[in-house]
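Below: one structure, written as structure tokens.
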Amino acid sequence: MGIDLRSLSQRGGAGFLRVLRERWDRPVFAALASVSLIALGLILFFIFSEALPLFRTISLSNFFGGTWLPTVEPNRFGILPLLTGSGLVMVGALVVAIPFGLAAALFIAEIATGIIKDIAKSVLELLAGIPSVVYGFFGLMVLAPILQQIAHIPYRRTALLASLILGVMALPTIASLAEDALTAVPRSYREASLAMGASRWQTMWRVTFPAAFSGIIGAVILGMGRAIGETMAVLMLSGNAAQMVGSFLKPVRTLTATIALEMAETPFGSEHYHALFGIGAVLLIITLAMNWIAEALRGRLARKHGS
Amino acid sequence: MVTGTHDTKRETTAREWIRRNFDTQGVIQTEGLSFYYGKERVLQDVSLSIPLDGVTAIMGPSGCGKSTLLRTFNRMYELYRGARAEGKITFLGQDLLKADPVSLRKHIGMVFQRPNPFPKSIFENVIYGPKVHGIRKKSELQDIAEESLQRAALWDEVKDRLKESAFSLSGGQQQRLCIARALAVHPEVLLMDEPCSALDPKATDKIEQTTRELAEELTVVIVTHNLQQAARVSDHVAVLLAGGELAEFGPTRTVFDSPSDDRVCDYLCGRFG
């Protein structure tokens with residue numbers, strides 16, 4: 001007795017397609033969705049399986065040693081100068097990107113309205129959409145001579161130059177994710193604060209910003225990930241000298257640039273080849289850890305205010 | 001704007017302070033007040049005078065503009081785009097629409113429909129206002145917190161857990177925390193926008209009691225869609241009808257027993273069954 005519930009949702013259609021829709025929709029979508037998961041798994045597997053053979057011949061402490069000399073006997077595969085190079089450029093980039101990015105986020109989320117807000121948002125999107133090679137070209141042709149003149153640096157390509165450009169590149173990431181975090185703060189908090197005679201400025205600093213704090217930290221960490229993973233622009237701008245330096249006014253080499261520069265010239269299966277995969281594995285671990293921390297912080301924000 | 005504020009340390013209630021310093025019958029008065037959201041008119045030529053004493057309730061069917069009327073009193077309507085008030089509103093005799101909204105809101109506090117504590121500790125919630133207004137001394141802030149929580153009838157329940165998150169409180173407690181938070185700024189008027197609409201009957205009862213007690217010291221204006229609540233807590237009542245027209249304003253008993261407007265009679269009787 002009763003109505004066949006399935007017949008209610010049937011929309012007809014012929015043979016194969018109908019079977020596909022009714023029986024196979026879930027598995028088909030699940031399979032399509034799992035492609036990205038499988039891709040990630042394969043990348044992880046190959047990077048690590050190509051990196052591990054390196055440690056048959058050199059020790060972990062040599063791998064984190066202070067000299068990167070892959071092609072001259074005796075070969076050295078110490079990635080410390082590359083790590084410090086990446087670190088230096090990243091710190092410099094964050095010094096540029098954090099204040100300007102957060103200011104942009106506060107402006108868009110709290111101050112701007114109407115057309116100004118739309119313009120500011122699309123400027124950020126545009127900034128994010130510029131190819132990194134264009135950033136590199138601009139940095140080299142326009143910014144580098146200016147920097148050299150102002151600071152009297154003997155080098156054209158320096159960590160400073162790479163940091164400045166990379167800062168502008170990481171800015172949209174930080175700004176738009178921090179803006180998401182600020183916008184996610186319930187309006188009722190702001191209303192409560194304003195209703196007590198707090199100014200908009202006080203409300204922003206004492207209520208909205210602290211309430212969005214974990215999401216903002218998440219945004220900064222994703223910006224760091226962006227800065228650490230960027231290759232083309234730093235390759236063009238940092239000078240690529242694989243030496244330990246503590247100065248922004250000298251050339252440095254990053255992890256990413258090293259892979260890009262040396263991959264083509266290394267014999268398949270050599271120590272050098274495995275060392276480059278080792279660098280890839282280090283980069284992967286750093287960026288995955290950053291993404292994981294950032295997502296955890298952003299998720300915490302969502303849980304805290306979601307009711 | 002109104003200069004100076006009453007000092008509770010001198011054992012003076014807001015009401016006493018107003019009586020001494022101002023020669024006003026109505027604390028807040030509106031004259032020919034109309035209100036628009038864009039082109040849509042929400043309030044129509046409203047003239048009323050909120051008396052200094054007791055609780056004034058604003059009632060009416062949903063969508064009649066009660067909350068909007070309340071939000072003109074502390075200029076909170078300005079947060080919404082396209083909102084515009086026309087006409088005259090005075091607070092203690094001074095033009096409220098020309099005042100600085102930030103300092104106005106130190107005198108006219110507000111409690112919202114849903115409890116909206118900050119994601120901070122109970123203590124930090126209460127002292128938020130005083131801190132924003134420049135009080136730094138720890139002992140003074142502690143005194144204010146205790147006094148405000150006492151006045152909101154929450155002190156006994158939270159005195160041992162002031163450092164805990166405000167979200168650890170029940171809905172009713174959160175709403176009383178919001179009342180305490182508003183009181184900590186020592187306003188002369190407290191606006192309450194359907195403060196019990198998200199609460200159960202027991203918590204509602206507690207808020208109503210607190211409201212009655214607060215009305216001894218300061219002017220309370222409460223928006224409610226609940227006729228029984230208006231009858232229980234208010235001394236005066238304003239009835240708005242659809243279209244934002246003020247149909248009736250007077251002492252609660254008079255309005256409930258013998259409304260002069262037929263439509264108000266229908267509204268009151270319809271709801272009572």
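Chain lettering (A, B, ...) mirrors the order of the structure tokens, residue numbering begins at 1 for each chain separately, and ligand numbering begins at 1 in order of display.
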So that I can check the secondary structure, give me every residue of region 211-266 of chain B assigned alpha helix (DSSP H) by backbone DSSP, as a ChimeraX atom specification. /B:211-214,227-233,252-257,262-266
Any chance you can output those residues with C-alpha atoms as a short mmCIF file (atom, residue, chain, number, x, y, z; two decimals), in the first residue's frame?
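After the write, again36.cif holds the following:
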data_model
loop_
_atom_site.label_atom_id
_atom_site.label_comp_id
_atom_site.auth_asym_id
_atom_site.auth_seq_id
_atom_site.Cartn_x
_atom_site.Cartn_y
_atom_site.Cartn_z
CA THR B 211 13.70 45.63 34.97
CA ARG B 212 11.22 46.69 37.66
CA GLU B 213 14.04 47.18 40.16
CA LEU B 214 16.13 49.17 37.71
CA LEU B 227 1.13 42.15 25.78
CA GLN B 228 1.24 40.36 29.12
CA GLN B 229 4.83 41.42 29.54
CA ALA B 230 3.95 45.02 28.79
CA ALA B 231 1.13 44.80 31.34
CA ARG B 232 3.47 43.31 33.95
CA VAL B 233 6.48 45.59 33.65
CA THR B 252 -0.53 51.25 30.99
CA ARG B 253 -3.76 50.67 32.95
CA THR B 254 -5.65 53.28 30.99
CA VAL B 255 -4.49 51.99 27.63
CA PHE B 256 -5.31 48.39 28.49
CA ASP B 257 -8.68 49.10 30.14
CA ASP B 262 -10.63 51.19 17.99
CA ARG B 263 -7.71 49.61 16.17
CA VAL B 264 -5.75 49.44 19.41
CA CYS B 265 -8.74 47.81 21.04
CA ASP B 266 -8.77 45.20 18.28
#
Counting only C-alpha atoms, chain B residues within 8 Å of chain A, as a compact mmCIF listing (two decimals) with C-alpha atoms, in the first residue's frame:
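Wrote selection_29.txt, looks like this:
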# COMPACT_ATOMS: atom_id res chain seq x y z
CA ASN B 74 20.41 56.16 20.75
CA MET B 76 21.80 53.06 16.48
CA PRO B 101 26.16 59.70 18.78
CA VAL B 102 29.18 58.32 20.63
CA SER B 103 28.74 60.51 23.70
CA LEU B 104 24.94 60.20 23.47
CA ARG B 105 25.25 56.44 23.91
CA LYS B 106 27.08 56.86 27.20
CA GLY B 109 22.36 52.36 27.09
CA MET B 110 20.88 49.44 25.20
CA VAL B 111 20.12 45.74 25.63
CA PHE B 112 19.44 43.71 22.50
CA ASN B 116 25.31 39.33 22.79
CA PRO B 117 28.17 39.09 25.28
CA PHE B 118 31.66 39.53 23.88
CA PRO B 119 33.86 36.43 23.59
CA GLY B 129 32.36 50.22 28.76
CA VAL B 132 36.61 52.32 26.82
CA HIS B 133 35.68 55.50 28.63
CA ALA B 182 25.12 48.43 29.87
CA VAL B 185 28.53 52.92 31.87
Run DSSP on the backbone of this structure and report the residues of region 6-200 of chain A it assigns to strand (DSSP E), as a VMD selection string. chain A and resid 68 to 69 76 to 77
Name the residues in contact with region 122-124 of chain A at a cut-off of 12 Å, using only C-alpha atoms, excluding same-chain residues fewer than 6 positions from it; report them as a ChimeraX atom specification. /A:100-101,104-105,108,115-116,130,168-177,179
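Interatomic distance, CA of Leu44 (chain A) against CA of Met290 (chain A): 16.1 Å.
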In Å, with one decimal, what is the gap from CA of Asp235 (chain B) to CA of Asp53 (chain B)? 8.4 Å
So that I can see what lies close to Leu92 (chain B), please list as a PyMOL selection string the residues with an atom at most 12 Å from it, counting only C-alpha atoms and leaving out residues fewer than 6 positions away in the same chain. chain B and resi 1-3+15+17-19+21-30+49-52+73+99+104+107-108+188-189+219
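By chain and then residue number, the residues within 9 Å of region 297-301 of chain A are Ala181, Ala184, Val185, Ala211, Ala212, Phe213, Ser214, Gly215, Ile216, Ile217, Gly218 and Ala219 of chain A, counting only C-alpha atoms and disregarding those fewer than 6 positions away in sequence.
Interatomic distance, CA of Leu33 (chain B) against CA of Lys88 (chain B): 6.0 Å.
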Can you list, as a VMD selection string, every protein, DNA or RNA residue that comes within 10 Å of Leu160 (chain A) when you count only C-alpha atoms, leaving out same-chain residues fewer than 2 positions away? chain A and resid 88 to 89 92 to 93 144 147 157 to 158 162 to 166 237 to 238 247 to 252
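Distances from A:Ala39, A:Phe107, A:Met236, A:Gly229 to Thr183 (chain A) were compared using only C-alpha atoms, and the smallest one belongs to A:Phe107.
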Excluding same-chain residues fewer than 5 positions from Ala247 (chain B), what lies within 8 Å of it counting only C-alpha atoms, as an MDAnalysis selection string? chainID B and resid 238:241 261 264
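For the residues B:Lys138, B:Lys163, B:Arg181, B:Arg81, ranking by smallest atom-to-atom distance to Val126 (chain B) using only C-alpha atoms places B:Arg181 first.
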